[in-house]
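Structure file model-v1.txt (compact mmCIF, C-alpha atoms and all ligand atoms) is printed below.
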# COMPACT_ATOMS: atom_id res chain seq x y z
CA MET A 153 59.55 -13.50 -99.05
CA LYS A 154 58.00 -16.05 -96.69
CA GLN A 155 60.14 -19.14 -96.15
CA THR A 156 60.03 -22.56 -94.58
CA VAL A 157 62.82 -22.72 -92.00
CA LEU A 158 64.21 -25.87 -90.38
CA ILE A 159 65.88 -25.19 -87.02
CA THR A 160 68.28 -27.72 -85.46
CA GLY A 161 68.43 -27.59 -81.65
CA GLY A 162 65.24 -25.56 -81.95
CA THR A 163 63.99 -26.73 -78.55
CA GLY A 164 66.69 -24.68 -76.76
CA LEU A 165 66.83 -21.07 -75.60
CA VAL A 166 67.61 -19.41 -78.93
CA GLY A 167 65.44 -21.84 -80.91
CA ASN A 168 62.40 -21.10 -78.75
CA HIS A 169 62.67 -17.35 -79.20
CA LEU A 170 63.63 -17.60 -82.87
CA SER A 171 60.72 -19.90 -83.74
CA LYS A 172 58.26 -17.40 -82.25
CA LEU A 173 59.83 -14.48 -84.10
CA LEU A 174 59.85 -16.32 -87.44
CA LEU A 175 56.18 -17.32 -87.01
CA GLN A 176 55.32 -13.67 -86.23
CA LYS A 177 57.07 -12.68 -89.44
CA GLY A 178 54.90 -15.14 -91.38
CA HIS A 179 57.47 -17.90 -92.00
CA GLN A 180 56.83 -21.61 -91.46
CA VAL A 181 59.01 -23.37 -88.90
CA LYS A 182 60.05 -27.02 -88.55
CA LEU A 183 62.43 -28.38 -85.92
CA LEU A 184 65.14 -31.05 -86.03
CA GLY A 185 66.17 -32.63 -82.74
CA ARG A 186 67.04 -35.77 -80.82
CA ASN A 187 63.34 -36.44 -80.14
CA GLU A 188 60.39 -36.42 -82.49
CA GLY A 189 56.77 -35.36 -82.34
CA ARG A 190 55.69 -31.81 -81.66
CA PHE A 191 57.31 -29.04 -79.65
CA ASN A 192 55.55 -25.71 -79.00
CA ASN A 193 53.00 -26.99 -81.51
CA LEU A 194 55.69 -27.18 -84.23
CA PRO A 195 56.64 -30.39 -86.06
CA LEU A 196 59.80 -31.90 -84.56
CA TYR A 197 61.76 -34.32 -86.76
CA LYS A 198 64.39 -36.68 -85.46
CA TRP A 199 68.08 -37.02 -86.15
CA ASP A 200 70.61 -39.36 -84.64
CA ILE A 201 73.97 -37.72 -85.09
CA ASP A 202 76.06 -40.72 -83.97
CA ALA A 203 74.14 -43.07 -86.27
CA GLY A 204 74.31 -40.57 -89.16
CA PHE A 205 70.51 -40.45 -89.51
CA ILE A 206 68.16 -37.57 -90.36
CA ASP A 207 64.46 -38.12 -91.03
CA PRO A 208 64.28 -37.13 -94.75
CA LYS A 209 60.83 -35.56 -94.14
CA ALA A 210 62.62 -32.83 -92.16
CA PHE A 211 63.97 -31.32 -95.40
CA GLU A 212 60.69 -31.32 -97.34
CA GLY A 213 59.90 -27.81 -98.63
CA VAL A 214 62.70 -26.23 -96.60
CA ASP A 215 64.25 -22.96 -97.89
CA THR A 216 66.63 -22.28 -94.99
CA ILE A 217 68.32 -24.35 -92.31
CA VAL A 218 69.29 -22.62 -89.07
CA HIS A 219 71.82 -24.74 -87.20
CA LEU A 220 71.78 -24.17 -83.44
CA ALA A 221 72.29 -27.67 -81.99
CA GLY A 222 75.06 -28.35 -79.52
CA ALA A 223 75.58 -29.62 -75.96
CA GLY A 224 75.50 -26.71 -73.46
CA ILE A 225 78.93 -25.08 -73.08
CA ALA A 226 78.63 -24.08 -69.42
CA ASP A 227 76.07 -26.70 -68.32
CA LYS A 228 78.58 -29.09 -66.73
CA ARG A 229 82.22 -29.35 -65.71
CA TRP A 230 84.50 -29.94 -68.67
CA THR A 231 85.49 -33.56 -68.15
CA ASP A 232 87.11 -35.23 -71.18
CA ALA A 233 83.80 -37.02 -71.85
CA TYR A 234 81.79 -33.79 -71.72
CA LYS A 235 84.32 -31.98 -73.91
CA SER A 236 83.80 -34.72 -76.51
CA GLN A 237 80.05 -34.12 -76.32
CA ILE A 238 80.48 -30.35 -76.76
CA TYR A 239 82.74 -30.98 -79.76
CA ASN A 240 80.91 -33.86 -81.44
CA SER A 241 77.42 -32.40 -81.07
CA ARG A 242 78.57 -29.43 -83.17
CA ILE A 243 81.14 -30.85 -85.57
CA LEU A 244 79.50 -34.21 -86.36
CA SER A 245 76.03 -32.62 -86.63
CA THR A 246 77.26 -30.02 -89.15
CA ARG A 247 79.07 -32.76 -91.10
CA LEU A 248 75.89 -34.86 -91.14
CA LEU A 249 73.84 -31.92 -92.46
CA ALA A 250 76.43 -31.30 -95.21
CA LYS A 251 76.53 -34.99 -96.18
CA THR A 252 72.76 -35.34 -96.21
CA LEU A 253 72.29 -32.19 -98.32
CA SER A 254 74.87 -33.42 -100.84
CA GLY A 255 73.12 -36.78 -101.25
CA LEU A 256 69.48 -35.69 -101.39
CA PRO A 257 67.35 -33.71 -103.84
CA HIS A 258 66.33 -30.67 -101.76
CA SER A 259 65.09 -27.09 -101.90
CA VAL A 260 67.51 -25.55 -99.37
CA LYS A 261 68.90 -22.21 -100.56
CA ASN A 262 70.29 -20.73 -97.34
CA PHE A 263 72.23 -22.18 -94.42
CA VAL A 264 72.61 -20.09 -91.27
CA SER A 265 75.04 -21.65 -88.85
CA THR A 266 76.17 -20.78 -85.37
CA SER A 267 79.58 -20.28 -83.85
CA ALA A 268 80.69 -18.37 -80.77
CA THR A 269 83.01 -15.60 -79.67
CA GLY A 270 84.88 -18.42 -77.94
CA TRP A 271 86.65 -18.44 -81.35
CA TYR A 272 88.77 -15.49 -80.14
CA GLY A 273 90.10 -16.95 -76.88
CA LEU A 274 90.46 -15.63 -73.37
CA ASN A 275 91.92 -12.16 -73.87
CA THR A 276 91.24 -10.32 -77.12
CA PRO A 277 92.67 -7.11 -78.60
CA GLU A 278 90.38 -4.04 -78.56
CA ALA A 279 87.46 -4.23 -81.01
CA THR A 280 88.45 -7.63 -82.40
CA THR A 281 87.12 -8.24 -85.91
CA GLU A 282 86.17 -11.43 -87.73
CA GLU A 283 89.60 -11.89 -89.41
CA LEU A 284 91.47 -12.88 -86.23
CA PRO A 285 92.47 -16.58 -86.42
CA ALA A 286 90.90 -19.04 -83.96
CA ALA A 287 92.57 -19.13 -80.54
CA PRO A 288 94.46 -22.31 -79.54
CA THR A 289 91.98 -22.97 -76.71
CA PHE A 290 89.36 -25.72 -76.42
CA LEU A 291 86.51 -23.41 -77.48
CA GLY A 292 88.66 -21.82 -80.19
CA THR A 293 89.22 -25.28 -81.67
CA VAL A 294 85.54 -26.22 -81.36
CA CYS A 295 84.50 -23.02 -83.18
CA ARG A 296 87.17 -23.40 -85.87
CA ASP A 297 86.14 -26.99 -86.69
CA TRP A 298 82.39 -26.20 -86.38
CA GLU A 299 82.72 -23.41 -88.95
CA ALA A 300 84.98 -25.52 -91.22
CA GLU A 301 82.28 -28.21 -91.50
CA THR A 302 80.04 -25.66 -93.26
CA TYR A 303 82.52 -25.15 -96.16
CA PRO A 304 81.13 -28.04 -98.29
CA ILE A 305 77.64 -26.58 -97.88
CA GLN A 306 78.82 -23.17 -99.02
CA GLN A 307 80.79 -24.74 -101.90
CA SER A 308 77.64 -26.53 -103.09
CA GLY A 309 76.12 -23.09 -103.84
CA ILE A 310 73.95 -22.71 -100.73
CA ARG A 311 74.25 -19.17 -99.30
CA THR A 312 75.96 -19.73 -95.96
CA THR A 313 76.13 -17.31 -93.06
CA ILE A 314 77.74 -17.96 -89.67
CA LEU A 315 76.94 -15.91 -86.56
CA ARG A 316 79.72 -15.87 -83.94
CA VAL A 317 77.47 -15.37 -80.94
CA GLY A 318 78.59 -13.62 -77.75
CA VAL A 319 77.10 -14.11 -74.27
CA VAL A 320 73.31 -14.18 -74.75
CA PHE A 321 71.25 -12.12 -72.30
CA ALA A 322 67.86 -13.75 -71.70
CA LYS A 323 65.44 -14.26 -68.82
CA GLU A 324 65.28 -18.04 -68.88
CA SER A 325 68.92 -19.15 -68.75
CA GLY A 326 72.53 -18.11 -69.05
CA PHE A 327 74.38 -15.07 -67.69
CA ILE A 328 71.45 -12.97 -66.40
CA PRO A 329 69.62 -15.55 -64.20
CA GLU A 330 72.94 -17.09 -63.06
CA VAL A 331 74.19 -13.70 -61.82
CA ALA A 332 70.76 -12.64 -60.53
CA LYS A 333 70.39 -15.77 -58.32
CA PRO A 334 73.12 -14.93 -55.75
CA VAL A 335 72.35 -11.19 -56.05
CA LYS A 336 68.75 -11.88 -54.96
CA LEU A 337 70.12 -13.78 -51.92
CA GLY A 338 72.31 -10.81 -51.00
CA ILE A 339 75.54 -12.71 -51.86
CA GLY A 340 76.15 -11.43 -55.37
CA ALA A 341 79.66 -10.53 -56.47
CA ALA A 342 81.62 -9.86 -59.62
CA LEU A 343 83.88 -12.61 -60.93
CA ALA A 344 87.69 -12.69 -61.11
CA SER A 345 89.07 -9.14 -61.40
CA GLY A 346 85.63 -7.87 -62.43
CA LYS A 347 87.46 -5.72 -64.99
CA GLN A 348 87.20 -8.28 -67.80
CA LEU A 349 84.95 -7.23 -70.68
CA THR A 350 81.99 -9.33 -71.75
CA SER A 351 80.76 -9.05 -75.34
CA TRP A 352 77.07 -9.79 -75.06
CA ILE A 353 73.80 -9.65 -77.05
CA HIS A 354 70.13 -9.45 -76.03
CA ILE A 355 68.12 -12.52 -77.10
CA ASP A 356 65.67 -10.33 -79.10
CA ASP A 357 68.50 -8.73 -81.08
CA LEU A 358 70.10 -12.12 -81.67
CA CYS A 359 66.85 -13.52 -83.07
CA GLN A 360 66.40 -10.46 -85.32
CA LEU A 361 69.94 -11.11 -86.56
CA TYR A 362 69.15 -14.75 -87.39
CA ALA A 363 65.97 -13.53 -89.15
CA LYS A 364 68.03 -11.07 -91.18
CA ALA A 365 70.57 -13.74 -92.10
CA ILE A 366 67.69 -15.95 -93.29
CA THR A 367 66.16 -13.36 -95.62
CA ASP A 368 68.93 -10.90 -96.59
CA PRO A 369 70.58 -12.23 -99.78
CA THR A 370 73.57 -9.91 -99.31
CA MET A 371 74.57 -11.57 -96.04
CA GLN A 372 77.17 -14.29 -96.48
CA GLY A 373 80.18 -15.41 -94.44
CA ILE A 374 81.01 -14.69 -90.81
CA TYR A 375 79.54 -12.01 -88.56
CA ASN A 376 80.11 -11.32 -84.88
CA ALA A 377 76.75 -11.34 -83.09
CA VAL A 378 77.45 -8.96 -80.20
CA THR A 379 76.35 -5.43 -79.33
CA PRO A 380 78.72 -2.52 -79.99
CA HIS A 381 78.99 -1.90 -76.21
CA PRO A 382 80.83 -4.60 -74.25
CA GLU A 383 80.72 -4.09 -70.51
CA THR A 384 82.92 -5.13 -67.60
CA ASN A 385 81.78 -8.00 -65.41
CA GLN A 386 81.71 -5.61 -62.41
CA GLN A 387 79.46 -3.16 -64.28
CA LEU A 388 77.10 -5.93 -65.46
CA THR A 389 76.82 -7.34 -61.95
CA THR A 390 76.17 -3.84 -60.58
CA LEU A 391 73.45 -3.19 -63.19
CA ILE A 392 71.74 -6.46 -62.27
CA ALA A 393 71.89 -5.63 -58.55
CA GLN A 394 70.51 -2.13 -59.17
CA GLN A 395 67.66 -3.52 -61.25
CA LEU A 396 66.83 -5.97 -58.43
CA ASN A 397 67.20 -3.27 -55.75
CA LYS A 398 69.85 -5.29 -53.96
CA PRO A 399 73.15 -4.06 -52.51
CA LEU A 400 76.39 -5.49 -53.85
CA ILE A 401 78.65 -5.68 -50.82
CA LEU A 402 80.98 -8.63 -51.38
CA PRO A 403 84.35 -8.32 -53.15
CA PRO A 404 84.79 -10.10 -56.51
CA VAL A 405 85.15 -13.91 -56.39
CA PRO A 406 88.85 -14.57 -57.07
CA LYS A 407 89.81 -16.62 -60.13
CA TRP A 408 91.30 -19.44 -57.98
CA VAL A 409 87.93 -19.92 -56.24
CA LEU A 410 86.19 -20.01 -59.64
CA LYS A 411 88.71 -22.69 -60.69
CA ILE A 412 87.78 -24.84 -57.67
CA LEU A 413 84.05 -24.32 -58.27
CA PHE A 414 83.91 -24.66 -62.05
CA GLY A 415 87.19 -26.23 -63.22
CA GLU A 416 88.25 -25.21 -66.73
CA VAL A 417 84.93 -23.34 -67.28
CA ALA A 418 86.40 -20.69 -64.92
CA ASP A 419 88.70 -19.53 -67.73
CA MET A 420 85.63 -18.73 -69.82
CA LEU A 421 83.99 -16.85 -66.93
CA ALA A 422 87.12 -14.73 -66.48
CA ALA A 423 87.70 -14.15 -70.22
CA ASN A 424 88.27 -10.57 -71.35
CA GLN A 425 86.59 -10.15 -74.76
CA TRP A 426 86.10 -6.94 -76.69
CA ILE A 427 84.52 -8.08 -79.93
CA SER A 428 83.61 -5.67 -82.72
CA ALA A 429 80.02 -5.31 -83.97
CA GLN A 430 81.12 -3.14 -86.89
CA LYS A 431 80.62 -5.72 -89.67
CA ILE A 432 77.06 -6.55 -88.67
CA GLN A 433 76.21 -2.86 -88.26
CA GLN A 434 77.52 -2.24 -91.77
CA THR A 435 74.78 -4.54 -93.09
CA GLY A 436 72.27 -1.94 -91.80
CA PHE A 437 71.33 -3.94 -88.71
CA THR A 438 70.31 -1.79 -85.75
CA PHE A 439 70.21 -3.09 -82.18
CA GLU A 440 67.09 -2.63 -80.09
CA TYR A 441 69.24 -3.09 -76.96
CA PRO A 442 72.74 -1.76 -77.68
CA LYS A 443 73.34 -0.77 -74.04
CA ALA A 444 73.56 -3.22 -71.13
CA SER A 445 71.44 -1.01 -68.85
CA ASP A 446 68.45 -1.18 -71.24
CA ALA A 447 68.96 -4.89 -71.95
CA ILE A 448 69.12 -5.82 -68.26
CA GLY A 449 66.20 -3.50 -67.47
CA SER A 450 64.05 -5.22 -70.10
CA LEU A 451 64.89 -8.71 -68.81
CA LEU A 452 64.69 -8.21 -65.04
CA HIS A 453 61.90 -5.68 -65.03
CA HIS A 454 59.23 -8.12 -63.80
CA THR A 455 61.38 -10.38 -61.61
CA LYS A 456 62.20 -8.19 -58.59
N1 LIG B 1 73.26 -19.03 -75.10
C1 LIG B 1 74.43 -18.44 -75.25
O1 LIG B 1 74.88 -17.60 -74.43
C2 LIG B 1 75.29 -18.78 -76.47
C3 LIG B 1 76.45 -18.04 -76.70
C4 LIG B 1 77.24 -18.35 -77.80
C5 LIG B 1 76.86 -19.38 -78.65
N2 LIG B 1 75.73 -20.08 -78.39
C6 LIG B 1 75.41 -21.20 -79.27
O2 LIG B 1 74.11 -21.03 -79.83
C7 LIG B 1 73.49 -22.31 -79.98
C8 LIG B 1 72.11 -22.25 -79.35
O3 LIG B 1 72.28 -21.83 -78.01
P1 LIG B 1 71.15 -22.07 -76.91
O4 LIG B 1 71.48 -21.18 -75.78
O5 LIG B 1 69.81 -22.03 -77.54
O6 LIG B 1 71.48 -23.57 -76.47
P2 LIG B 1 70.55 -24.58 -75.65
O7 LIG B 1 69.44 -23.89 -74.97
O8 LIG B 1 71.48 -25.40 -74.83
O9 LIG B 1 69.90 -25.48 -76.81
C9 LIG B 1 70.69 -26.21 -77.69
C10 LIG B 1 69.88 -27.34 -78.29
O10 LIG B 1 70.83 -28.24 -78.90
C11 LIG B 1 70.36 -29.58 -78.78
N3 LIG B 1 71.39 -30.39 -78.12
C12 LIG B 1 71.78 -30.36 -76.81
N4 LIG B 1 72.71 -31.27 -76.58
C13 LIG B 1 72.91 -31.92 -77.76
C14 LIG B 1 73.73 -33.00 -78.15
N5 LIG B 1 74.56 -33.61 -77.29
N6 LIG B 1 73.66 -33.41 -79.46
C15 LIG B 1 72.84 -32.81 -80.33
N7 LIG B 1 72.00 -31.80 -80.00
C16 LIG B 1 72.07 -31.37 -78.73
C17 LIG B 1 69.09 -29.56 -77.93
O11 LIG B 1 67.97 -29.74 -78.81
P3 LIG B 1 67.19 -31.19 -78.89
O12 LIG B 1 67.06 -31.65 -77.47
O13 LIG B 1 65.89 -30.83 -79.53
O14 LIG B 1 68.04 -32.09 -79.71
C18 LIG B 1 69.10 -28.18 -77.31
O15 LIG B 1 67.78 -27.70 -77.11
C19 LIG B 1 74.40 -23.34 -79.31
O16 LIG B 1 75.12 -24.05 -80.29
C20 LIG B 1 75.33 -22.49 -78.47
O17 LIG B 1 76.63 -23.03 -78.33
C21 LIG B 1 74.92 -19.80 -77.33
Could you write out this structure as structure tokens?
Ligand SMILES: NC(=O)c1ccc[n+]([C@@H]2O[C@H](COP(=O)([O-])OP(=O)(O)OC[C@H]3O[C@@H](n4cnc5c(N)ncnc54)[C@H](OP(=O)(O)O)[C@@H]3O)[C@@H](O)[C@H]2O)c1
Amino acid sequence: MKQTVLITGGTGLVGNHLSKLLLQKGHQVKLLGRNEGRFNNLPLYKWDIDAGFIDPKAFEGVDTIVHLAGAGIADKRWTDAYKSQIYNSRILSTRLLAKTLSGLPHSVKNFVSTSATGWYGLNTPEATTEELPAAPTFLGTVCRDWEAETYPIQQSGIRTTILRVGVVFAKESGFIPEVAKPVKLGIGAALASGKQLTSWIHIDDLCQLYAKAITDPTMQGIYNAVTPHPETNQQLTTLIAQQLNKPLILPPVPKWVLKILFGEVADMLAANQWISAQKIQQTGFTFEYPKASDAIGSLLHHTK
């Protein structure tokens, strides 16, 4: 059934791709963000999270809310002030959505929220499933509290699904262009030991997953949004170099250098995460890009 979907943080990477996919599937899309007007020709309504304000017009006719908003995790060094922004933009925004929905007549039937595999910490057991408790790290705490703020929404009878998203592979930003940049200059190298596993997902598969969570009434609760085939950092860097026809001659960048360059974010870059995709596959979801070689090929194909 066609729906009207309100996307928070819809001006970002995932929101851009997801809006296009939902329009292709015949849904209507509205956006909620810190600015108002139009974005990509879609209506953009304003919220002010600190002031506890959401334009009530944003909710008109909405069947599903997709909650993506949050300050970029790896955009800046993690100063105390930036950590507060990362935390508050997710926790306070979810709380504001819950509070507004509880105090307003509305038509929202589904809430699809976002979390991250940062939930599981810096070194996971093999094929980690959704039951593992949140790690006692900064990102583990952010994810735990972000997810907890959705409980009142779920308790109010709105079907609530949370995707714990792994490292997103896309052309525009994130892992792929950041690794490709030095590789193109001939100074690419793996990070830390290079042996650490990355649990990743292609942007197209991620958007199909959000679309499924929006329309599949049997989906509820928490799902890891990663492919079934995690890859080592060395292998991913090699695949990117091969795709760009560049040699990879330098040794991996040691963790202590990453620490100097990126501060605490270095821990995230060196994290070893093997996250299971079994639960999402059991819903019948099939990945278009389960293997890193195909995913990287599709994204770097035209950028040599
Ligand atoms: N990309 C990944 O690899 C990845 C991996 C795991 C999880 N995730 C999560 O998935 C979600 C979407 O990711 P993305 O890559 O699309 O992120 P993105 O490109 O950084 O976009 C996020 C959007 O959130 C809004 N936002 C930014 N800072 C904010 C702040 N301080 N307060 C409130 N809103 C703010 C912005 O929208 P407006 O300017 O319109 O307000 C922005 O366009 C994020 O929550 C992210 O943590 C992403």
Each residue of segment 208-310 of chain A with at least one atom at most 9 Å from segment 361-365 of chain A should appear once, together with its nearest atom pair and the corresponding distance in Å (one decimal); atoms considered: all atoms listed in the file; ordering: chain, then increasing residue number; output as a tab-separated table.
residue	atom	partner	partner_atom	distance
A:Val218	CA	A:Tyr362	CA	8.0
A:Asn262	CA	A:Ala365	CA	8.7
A:Phe263	CA	A:Ala365	CA	8.9
A:Val264	CA	A:Ala365	CA	6.7
Please produce an output containing C-alpha atoms for each residue in the selection, written as a CSV table (one decimal), in the coordinates of the input.
chain,number,residue,atom,x,y,z
A,218,VAL,CA,69.3,-22.6,-89.1
A,262,ASN,CA,70.3,-20.7,-97.3
A,263,PHE,CA,72.2,-22.2,-94.4
A,264,VAL,CA,72.6,-20.1,-91.3
TODO: Would you kindly return, as a list in words, each protein, DNA or RNA residue with an atom no farther than 12 Å from any atom of Asp297 of chain A, considering all atoms listed in the file and excluding same-chain residues fewer than 2 positions away?
DONE: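 Everything that qualifies: Ile238, Tyr239, Asn240, Ser241, Arg242, Ile243, Leu244, Ser245, Thr246, Arg247, Thr266, Ser267, Ala268, Trp271, Ala286, Ala287, Pro288, Phe290, Leu291, Gly292, Thr293, Val294, Cys295, Glu299, Ala300, Glu301, Thr302 and Tyr303 of chain A.
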Task: atom CA of Asp227 of chain A to atom CA of Thr350 of chain A, distance in Å rounded to a single decimal - done: 18.7 Å
TODO: Would you mind reading off the distance between atom CA of Leu358 of chain A and atom CA of Ser345 of chain A, one decimal, in Å?
DONE: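 Rounded to one decimal, the two atoms are 27.9 Å apart.
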TODO: For ligand LIG 1 (chain B), list the contacting residues at 8 Å or closer, counting all atoms listed in the file, as a PyMOL selection string.
DONE: chain A and resi 160-168+183-187+196+201+219-225+237-238+240-242+245+266-270+316-321+325-327
For Ala429 of chain A, list every protein, DNA or RNA residue within 6 Å, evaluated using all atoms listed in the file, and leave out those in the same chain fewer than 2 positions away; present the list as a PDB file with C-alpha atoms, in the coordinates of the input.
ATOM      1  CA  VAL A 378      77.450  -8.960 -80.200  1.00  0.00           C
ATOM      2  CA  THR A 379      76.350  -5.430 -79.330  1.00  0.00           C
ATOM      3  CA  PRO A 380      78.720  -2.520 -79.990  1.00  0.00           C
ATOM      4  CA  LYS A 431      80.620  -5.720 -89.670  1.00  0.00           C
ATOM      5  CA  ILE A 432      77.060  -6.550 -88.670  1.00  0.00           C
TER       6      ILE A 432
END
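Between atom CA of Arg229 of chain A and atom CA of Trp352 of chain A the interatomic distance comes to 22.3 Å.
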Open item on the list: Between A:Leu349, A:Ala226, A:Ala342, A:Leu421, which residue has the minimum interatomic distance to Pro277 of chain A, considering only C-alpha atoms?
Closed with: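 When distances to Pro277 of chain A are compared using only C-alpha atoms, the smallest one comes from A:Leu349.
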Long-range neighbours of segment 336-340 of chain A as a PDB file with C-alpha atoms, in the coordinates of the input, 7 Å cut-off, all atoms listed in the file, 6 positions minimum in chain:
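Dumped to out_7.pdb:
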ATOM      1  CA  LYS A 398      69.850  -5.290 -53.960  1.00  0.00           C
ATOM      2  CA  PRO A 399      73.150  -4.060 -52.510  1.00  0.00           C
ATOM      3  CA  LEU A 400      76.390  -5.490 -53.850  1.00  0.00           C
ATOM      4  CA  LEU A 402      80.980  -8.630 -51.380  1.00  0.00           C
TER       5      LEU A 402
END
Task: Residues within 10 Å of (63.8, -10.3, -55.7), file coords, all atoms listed in the file, listed as a ChimeraX atom specification - done: /A:332-333,335-338,393,395-398,452,454-456
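With all atoms listed in the file as the basis for measurement, A:Lys172 is the residue among A:Ala203, A:Leu451, A:Lys177, A:Lys172 that approaches Phe191 of chain A most closely.
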Task: Long-range neighbours of Lys228 of chain A as number ranges by chain, 10 Å cut-off, all atoms listed in the file, 5 positions minimum in chain - done: A: 223, 234-235, 414-415, 417
- [ ] Find the residues near segment 371-374 of chain A: any atom within 7 Å, counting all atoms listed in the file, skip ones fewer than 5 places away on the same chain, and give them as a ChimeraX atom specification.
- [x] /A:282,311-315,365
